[in-house]
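Listing of target-v7.csv, CSV, C-alpha atoms
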chain,number,residue,atom,x,y,z
A,1,MET,CA,-11.1,-12.1,-15.0
A,2,ASP,CA,-7.7,-13.5,-15.6
A,3,SER,CA,-5.8,-14.1,-12.4
A,4,ASP,CA,-2.7,-12.6,-13.9
A,5,PHE,CA,-4.4,-9.2,-13.7
A,6,LYS,CA,-5.6,-9.2,-10.1
A,7,ASP,CA,-2.4,-7.6,-8.8
A,8,LEU,CA,-2.1,-5.0,-11.5
A,9,ASP,CA,-3.5,-1.6,-12.0
A,10,LEU,CA,-4.9,-1.9,-15.5
A,11,TYR,CA,-5.7,1.8,-15.6
A,12,ARG,CA,-2.1,2.7,-14.8
A,13,ILE,CA,-0.8,0.3,-17.4
A,14,LEU,CA,-2.8,2.1,-20.1
A,15,GLY,CA,-2.0,5.5,-18.6
A,16,ILE,CA,-5.6,6.5,-18.0
A,17,LYS,CA,-7.8,7.5,-15.1
A,18,ARG,CA,-10.4,5.2,-13.5
A,19,SER,CA,-13.1,7.4,-14.8
A,20,ALA,CA,-12.0,7.0,-18.4
A,21,THR,CA,-14.6,6.5,-21.1
A,22,LYS,CA,-14.6,3.5,-23.4
A,23,LYS,CA,-13.3,5.8,-26.2
A,24,GLU,CA,-10.4,6.9,-24.0
A,25,ILE,CA,-9.7,3.3,-23.1
A,26,LYS,CA,-9.6,2.3,-26.7
A,27,THR,CA,-7.4,5.2,-27.6
A,28,ALA,CA,-4.9,4.4,-24.8
A,29,TYR,CA,-5.0,0.8,-25.8
A,30,ARG,CA,-4.1,1.6,-29.5
A,31,ARG,CA,-1.3,3.8,-28.4
A,32,LYS,CA,0.2,1.1,-26.1
A,33,ALA,CA,-0.5,-1.6,-28.6
A,34,LEU,CA,1.5,0.2,-31.3
A,35,GLN,CA,4.4,0.6,-29.0
A,36,CYS,CA,4.4,-3.0,-27.9
A,37,HIS,CA,3.4,-4.8,-31.1
A,38,PRO,CA,5.6,-7.8,-31.9
A,39,ASP,CA,6.2,-6.5,-35.4
A,40,LYS,CA,7.6,-3.2,-34.0
A,41,ASN,CA,9.7,-5.1,-31.4
A,42,PRO,CA,11.2,-8.1,-33.3
A,43,ASP,CA,14.1,-8.4,-30.8
A,44,ASN,CA,11.8,-8.5,-27.8
A,45,GLN,CA,10.7,-12.1,-27.0
A,46,ASN,CA,8.1,-10.9,-24.6
A,47,ALA,CA,6.4,-8.5,-27.1
A,48,ALA,CA,3.8,-11.0,-28.2
A,49,GLN,CA,2.8,-11.8,-24.6
A,50,VAL,CA,2.6,-8.1,-23.7
A,51,PHE,CA,0.5,-7.4,-26.8
A,52,LEU,CA,-1.9,-10.3,-25.7
A,53,TRP,CA,-2.1,-8.9,-22.2
A,54,LEU,CA,-2.9,-5.4,-23.6
A,55,THR,CA,-5.7,-7.0,-25.6
A,56,GLU,CA,-7.0,-8.7,-22.5
A,57,ILE,CA,-6.8,-5.4,-20.5
A,58,LEU,CA,-8.9,-3.8,-23.3
A,59,ASN,CA,-11.5,-6.6,-23.1
A,60,ILE,CA,-11.8,-6.2,-19.3
A,61,LEU,CA,-12.0,-2.4,-19.3
A,62,THR,CA,-14.5,-2.2,-22.2
A,63,ASP,CA,-16.8,-4.9,-21.0
A,64,THR,CA,-19.2,-3.3,-18.5
A,65,ALA,CA,-19.6,-6.3,-16.2
A,66,ALA,CA,-15.9,-7.2,-16.2
A,67,ARG,CA,-14.9,-3.6,-15.5
A,68,LEU,CA,-17.4,-3.4,-12.7
A,69,ASP,CA,-15.9,-6.6,-11.2
A,70,TYR,CA,-12.4,-5.2,-11.6
A,71,ASP,CA,-13.3,-1.9,-10.1
A,72,LYS,CA,-14.8,-3.7,-7.1
A,73,LEU,CA,-11.6,-5.6,-6.7
A,74,LEU,CA,-9.6,-2.4,-6.8
A,75,ASN,CA,-11.9,-0.8,-4.3
A,76,ALA,CA,-11.6,-3.7,-1.9
A,77,LYS,CA,-7.8,-3.7,-2.2
A,78,SER,CA,-7.7,0.1,-1.5
A,79,ALA,CA,-9.9,-0.4,1.5
A,80,ALA,CA,-7.8,-3.3,2.8
A,81,LYS,CA,-4.6,-1.2,2.3
A,82,LEU,CA,-6.1,1.7,4.2
A,83,LEU,CA,-7.2,-0.5,7.0
A,84,LYS,CA,-3.8,-2.1,7.3
A,85,LYS,CA,-2.2,1.3,7.3
A,86,GLU,CA,-4.5,2.5,10.1
A,87,ARG,CA,-4.0,-0.7,12.1
A,88,ASP,CA,-0.2,-0.4,11.7
A,89,SER,CA,-0.5,3.2,12.9
A,90,ASP,CA,-2.5,2.1,15.9
A,91,VAL,CA,0.0,-0.6,16.8
A,92,ALA,CA,2.9,1.9,16.4
A,93,LYS,CA,1.1,4.4,18.7
A,94,LEU,CA,0.4,1.6,21.3
A,95,ILE,CA,4.1,0.6,21.3
A,96,ASN,CA,5.2,4.2,21.5
A,97,ASP,CA,2.8,4.7,24.5
A,98,ILE,CA,4.2,1.6,26.2
A,99,PHE,CA,7.8,2.9,25.8
A,100,LYS,CA,6.8,6.3,27.1
A,101,ARG,CA,5.1,4.8,30.2
A,102,THR,CA,8.1,2.6,30.8
A,103,LYS,CA,10.5,5.5,30.5
A,104,HIS,CA,8.3,7.6,32.8
A,105,GLU,CA,8.1,4.8,35.4
A,106,ARG,CA,11.9,4.4,35.4
A,107,SER,CA,12.3,8.1,35.8
A,108,VAL,CA,9.8,8.1,38.8
A,109,GLN,CA,11.6,5.1,40.3
A,110,ARG,CA,15.0,6.9,40.0
A,111,ASP,CA,13.6,10.0,41.6
A,112,THR,CA,12.2,7.8,44.4
A,113,ASP,CA,15.5,6.0,44.9
A,114,LYS,CA,17.3,9.4,45.1
A,115,ARG,CA,14.9,10.7,47.7
A,116,SER,CA,15.3,7.5,49.7
A,117,LEU,CA,19.1,7.9,49.6
A,118,LYS,CA,18.8,11.5,50.8
A,119,VAL,CA,16.6,10.4,53.7
A,120,CYS,CA,19.0,7.6,54.6
A,121,HIS,CA,21.9,10.1,54.6
A,122,VAL,CA,20.0,12.4,56.8
A,123,CYS,CA,19.1,9.6,59.1
A,124,LYS,CA,22.8,8.5,59.3
A,125,LYS,CA,23.9,12.0,60.2
A,126,ASN,CA,21.4,12.2,63.0
A,127,PHE,CA,22.5,9.0,64.6

Could you express the structure from this file as structure tokens?
Amino acid sequence: MDSDFKDLDLYRILGIKRSATKKEIKTAYRRKALQCHPDKNPDNQNAAQVFLWLTEILNILTDTAARLDYDKLLNAKSAAKLLKKERDSDVAKLINDIFKRTKHERSVQRDTDKRSLKVCHVCKKNF
């Protein structure tokens, strides 16, 4: 698979679901290819490159082995993204817990200090 496509969602580019059939893929390709064809976009210097990319996307998604490889790549990316999100959430919870404990410890320390002051004042009055 072309490395240019590893970071792209080819299904989204064609506007189809991952479960799309070859017929649906070809139909979506034709629709996009007509929109992006260099002859229909003579003022767009990138039209030819986009058209070639669309053709490569068609080749990837209609070749069973290439599509399977691409789908594995997408699944791995989704799993990695989910894992990162969970890990980030765990780190955020840990940091939040640390701040809560620190705040609680400070509160307890202040209460202890206040009680100590009261005891000292009582002691001074008795002497």

Next on the checklist: Using Å and a single decimal, report how far atom CA of Pro38 of chain A sits from atom CA of Phe51 of chain A.
Outcome noted: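 Distance between the two atoms: 7.2 Å.
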
Next on the checklist: Nearest residue to Thr21 of chain A out of A:Lys72, A:Lys81, A:Arg67, A:Arg110, using all atoms listed in the file?
Outcome noted: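 With all atoms listed in the file as the atom set, the closest residue is A:Arg67.
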
Checklist entry - If you count only C-alpha atoms, which residues fall within 12 Å of Leu34 of chain A, apart from same-chain ones fewer than 2 positions away, as a count of residues only? => result 18

Next on the checklist: Just the number, please: distance in Å from atom CA of Ala80 of chain A to atom CA of Asp7 of chain A, one decimal.
Outcome noted: 13.5 Å

Checklist entry - For Ala33 of chain A, which residue out of A:Phe99, A:Gln45, A:Ala20, A:Ile57 is the nearest one, using all atoms listed in the file? => result A:Ile57

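One finds atom CA of Tyr70 of chain A at 12.3 Å from atom CA of Leu58 of chain A.
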
Could you pull chain A out of the block above and give me C-alpha atoms, as a JSON list (two decimals), in the first residue's frame?
[["chain", "number", "residue", "atom", "x", "y", "z"],
["A", 1, "MET", "CA", 0.00, 0.00, 0.00],
["A", 2, "ASP", "CA", 1.21, 3.47, -0.82],
["A", 3, "SER", "CA", 2.56, 5.20, 2.29],
["A", 4, "ASP", "CA", 0.66, 8.36, 1.30],
["A", 5, "PHE", "CA", -2.58, 6.63, 2.31],
["A", 6, "LYS", "CA", -1.60, 5.24, 5.72],
["A", 7, "ASP", "CA", -2.87, 8.31, 7.56],
["A", 8, "LEU", "CA", -6.06, 8.72, 5.54],
["A", 9, "ASP", "CA", -9.50, 7.20, 5.90],
["A", 10, "LEU", "CA", -10.08, 5.97, 2.36],
["A", 11, "TYR", "CA", -13.68, 5.09, 3.12],
["A", 12, "ARG", "CA", -14.41, 8.61, 4.31],
["A", 13, "ILE", "CA", -12.76, 10.10, 1.24],
["A", 14, "LEU", "CA", -15.15, 8.15, -0.97],
["A", 15, "GLY", "CA", -18.06, 8.81, 1.39],
["A", 16, "ILE", "CA", -18.81, 5.14, 2.04],
["A", 17, "LYS", "CA", -19.06, 2.79, 5.00],
["A", 18, "ARG", "CA", -16.33, 0.28, 5.80],
["A", 19, "SER", "CA", -18.80, -2.47, 4.99],
["A", 20, "ALA", "CA", -19.32, -1.17, 1.42],
["A", 21, "THR", "CA", -19.42, -3.71, -1.37],
["A", 22, "LYS", "CA", -17.13, -3.52, -4.40],
["A", 23, "LYS", "CA", -20.07, -2.21, -6.41],
["A", 24, "GLU", "CA", -20.69, 0.57, -3.87],
["A", 25, "ILE", "CA", -16.98, 1.40, -3.85],
["A", 26, "LYS", "CA", -16.87, 1.66, -7.63],
["A", 27, "THR", "CA", -19.99, 3.82, -7.69],
["A", 28, "ALA", "CA", -18.55, 6.17, -5.07],
["A", 29, "TYR", "CA", -15.25, 6.28, -6.97],
["A", 30, "ARG", "CA", -16.98, 7.24, -10.22],
["A", 31, "ARG", "CA", -18.91, 9.99, -8.49],
["A", 32, "LYS", "CA", -15.74, 11.46, -6.91],
["A", 33, "ALA", "CA", -13.68, 10.94, -10.07],
["A", 34, "LEU", "CA", -16.19, 12.93, -12.11],
["A", 35, "GLN", "CA", -16.02, 15.78, -9.59],
["A", 36, "CYS", "CA", -12.22, 15.78, -9.47],
["A", 37, "HIS", "CA", -11.34, 14.93, -13.06],
["A", 38, "PRO", "CA", -8.66, 17.28, -14.47],
["A", 39, "ASP", "CA", -10.80, 18.01, -17.55],
["A", 40, "LYS", "CA", -13.60, 19.29, -15.31],
["A", 41, "ASN", "CA", -11.15, 21.31, -13.19],
["A", 42, "PRO", "CA", -8.73, 22.93, -15.65],
["A", 43, "ASP", "CA", -7.87, 25.74, -13.19],
["A", 44, "ASN", "CA", -6.96, 23.34, -10.39],
["A", 45, "GLN", "CA", -3.31, 22.29, -10.64],
["A", 46, "ASN", "CA", -3.87, 19.50, -8.11],
["A", 47, "ALA", "CA", -6.78, 17.92, -9.98],
["A", 48, "ALA", "CA", -4.60, 15.40, -11.82],
["A", 49, "GLN", "CA", -2.90, 14.29, -8.59],
["A", 50, "VAL", "CA", -6.23, 13.99, -6.78],
["A", 51, "PHE", "CA", -7.60, 11.95, -9.67],
["A", 52, "LEU", "CA", -4.60, 9.60, -9.49],
["A", 53, "TRP", "CA", -5.06, 9.25, -5.73],
["A", 54, "LEU", "CA", -8.73, 8.37, -6.22],
["A", 55, "THR", "CA", -7.70, 5.69, -8.70],
["A", 56, "GLU", "CA", -5.19, 4.30, -6.19],
["A", 57, "ILE", "CA", -7.89, 4.34, -3.49],
["A", 58, "LEU", "CA", -10.16, 2.38, -5.84],
["A", 59, "ASN", "CA", -7.38, -0.14, -6.45],
["A", 60, "ILE", "CA", -6.77, -0.61, -2.72],
["A", 61, "LEU", "CA", -10.42, -0.97, -1.76],
["A", 62, "THR", "CA", -11.37, -3.30, -4.61],
["A", 63, "ASP", "CA", -8.35, -5.61, -4.24],
["A", 64, "THR", "CA", -9.32, -8.11, -1.54],
["A", 65, "ALA", "CA", -5.82, -8.57, -0.10],
["A", 66, "ALA", "CA", -4.97, -4.85, -0.18],
["A", 67, "ARG", "CA", -8.29, -3.97, 1.43],
["A", 68, "LEU", "CA", -7.75, -6.55, 4.14],
["A", 69, "ASP", "CA", -4.30, -5.08, 4.87],
["A", 70, "TYR", "CA", -5.75, -1.56, 4.93],
["A", 71, "ASP", "CA", -8.59, -2.62, 7.24],
["A", 72, "LYS", "CA", -6.06, -4.24, 9.61],
["A", 73, "LEU", "CA", -4.14, -0.96, 9.64],
["A", 74, "LEU", "CA", -7.33, 0.99, 10.43],
["A", 75, "ASN", "CA", -8.23, -1.45, 13.20],
["A", 76, "ALA", "CA", -4.77, -1.17, 14.71],
["A", 77, "LYS", "CA", -4.97, 2.63, 14.61],
["A", 78, "SER", "CA", -8.40, 2.58, 16.25],
["A", 79, "ALA", "CA", -7.16, 0.25, 18.98],
["A", 80, "ALA", "CA", -4.08, 2.41, 19.58],
["A", 81, "LYS", "CA", -6.22, 5.55, 19.73],
["A", 82, "LEU", "CA", -8.59, 3.93, 22.23],
["A", 83, "LEU", "CA", -5.68, 2.69, 24.34],
["A", 84, "LYS", "CA", -4.13, 6.17, 24.38],
["A", 85, "LYS", "CA", -7.47, 7.69, 25.37],
["A", 86, "GLU", "CA", -7.86, 5.19, 28.22],
["A", 87, "ARG", "CA", -4.27, 5.74, 29.34],
["A", 88, "ASP", "CA", -4.71, 9.51, 29.25],
["A", 89, "SER", "CA", -7.90, 9.13, 31.27],
["A", 90, "ASP", "CA", -6.09, 6.98, 33.84],
["A", 91, "VAL", "CA", -3.29, 9.55, 34.12],
["A", 92, "ALA", "CA", -5.83, 12.35, 34.54],
["A", 93, "LYS", "CA", -7.59, 10.38, 37.30],
["A", 94, "LEU", "CA", -4.28, 9.73, 39.04],
["A", 95, "ILE", "CA", -3.32, 13.41, 38.94],
["A", 96, "ASN", "CA", -6.78, 14.40, 40.17],
["A", 97, "ASP", "CA", -6.49, 11.92, 43.06],
["A", 98, "ILE", "CA", -3.08, 13.32, 44.01],
["A", 99, "PHE", "CA", -4.48, 16.86, 44.09],
["A", 100, "LYS", "CA", -7.47, 15.74, 46.17],
["A", 101, "ARG", "CA", -5.21, 13.98, 48.67],
["A", 102, "THR", "CA", -2.88, 16.96, 48.89],
["A", 103, "LYS", "CA", -5.82, 19.29, 49.42],
["A", 104, "HIS", "CA", -7.25, 16.97, 52.08],
["A", 105, "GLU", "CA", -3.87, 16.70, 53.83],
["A", 106, "ARG", "CA", -3.55, 20.49, 53.90],
["A", 107, "SER", "CA", -7.06, 20.78, 55.30],
["A", 108, "VAL", "CA", -6.29, 18.23, 58.02],
["A", 109, "GLN", "CA", -3.02, 20.03, 58.81],
["A", 110, "ARG", "CA", -4.84, 23.39, 59.10],
["A", 111, "ASP", "CA", -7.41, 21.85, 61.43],
["A", 112, "THR", "CA", -4.63, 20.33, 63.53],
["A", 113, "ASP", "CA", -2.82, 23.67, 63.65],
["A", 114, "LYS", "CA", -6.03, 25.43, 64.75],
["A", 115, "ARG", "CA", -6.60, 22.88, 67.52],
["A", 116, "SER", "CA", -2.99, 23.28, 68.65],
["A", 117, "LEU", "CA", -3.45, 27.04, 68.83],
["A", 118, "LYS", "CA", -6.60, 26.64, 70.91],
["A", 119, "VAL", "CA", -4.81, 24.32, 73.31],
["A", 120, "CYS", "CA", -1.94, 26.80, 73.59],
["A", 121, "HIS", "CA", -4.35, 29.64, 74.34],
["A", 122, "VAL", "CA", -6.07, 27.54, 76.99],
["A", 123, "CYS", "CA", -2.69, 26.68, 78.49],
["A", 124, "LYS", "CA", -1.64, 30.34, 78.59],
["A", 125, "LYS", "CA", -4.85, 31.32, 80.35],
["A", 126, "ASN", "CA", -4.31, 28.69, 83.04],
["A", 127, "PHE", "CA", -0.76, 29.85, 83.77]]
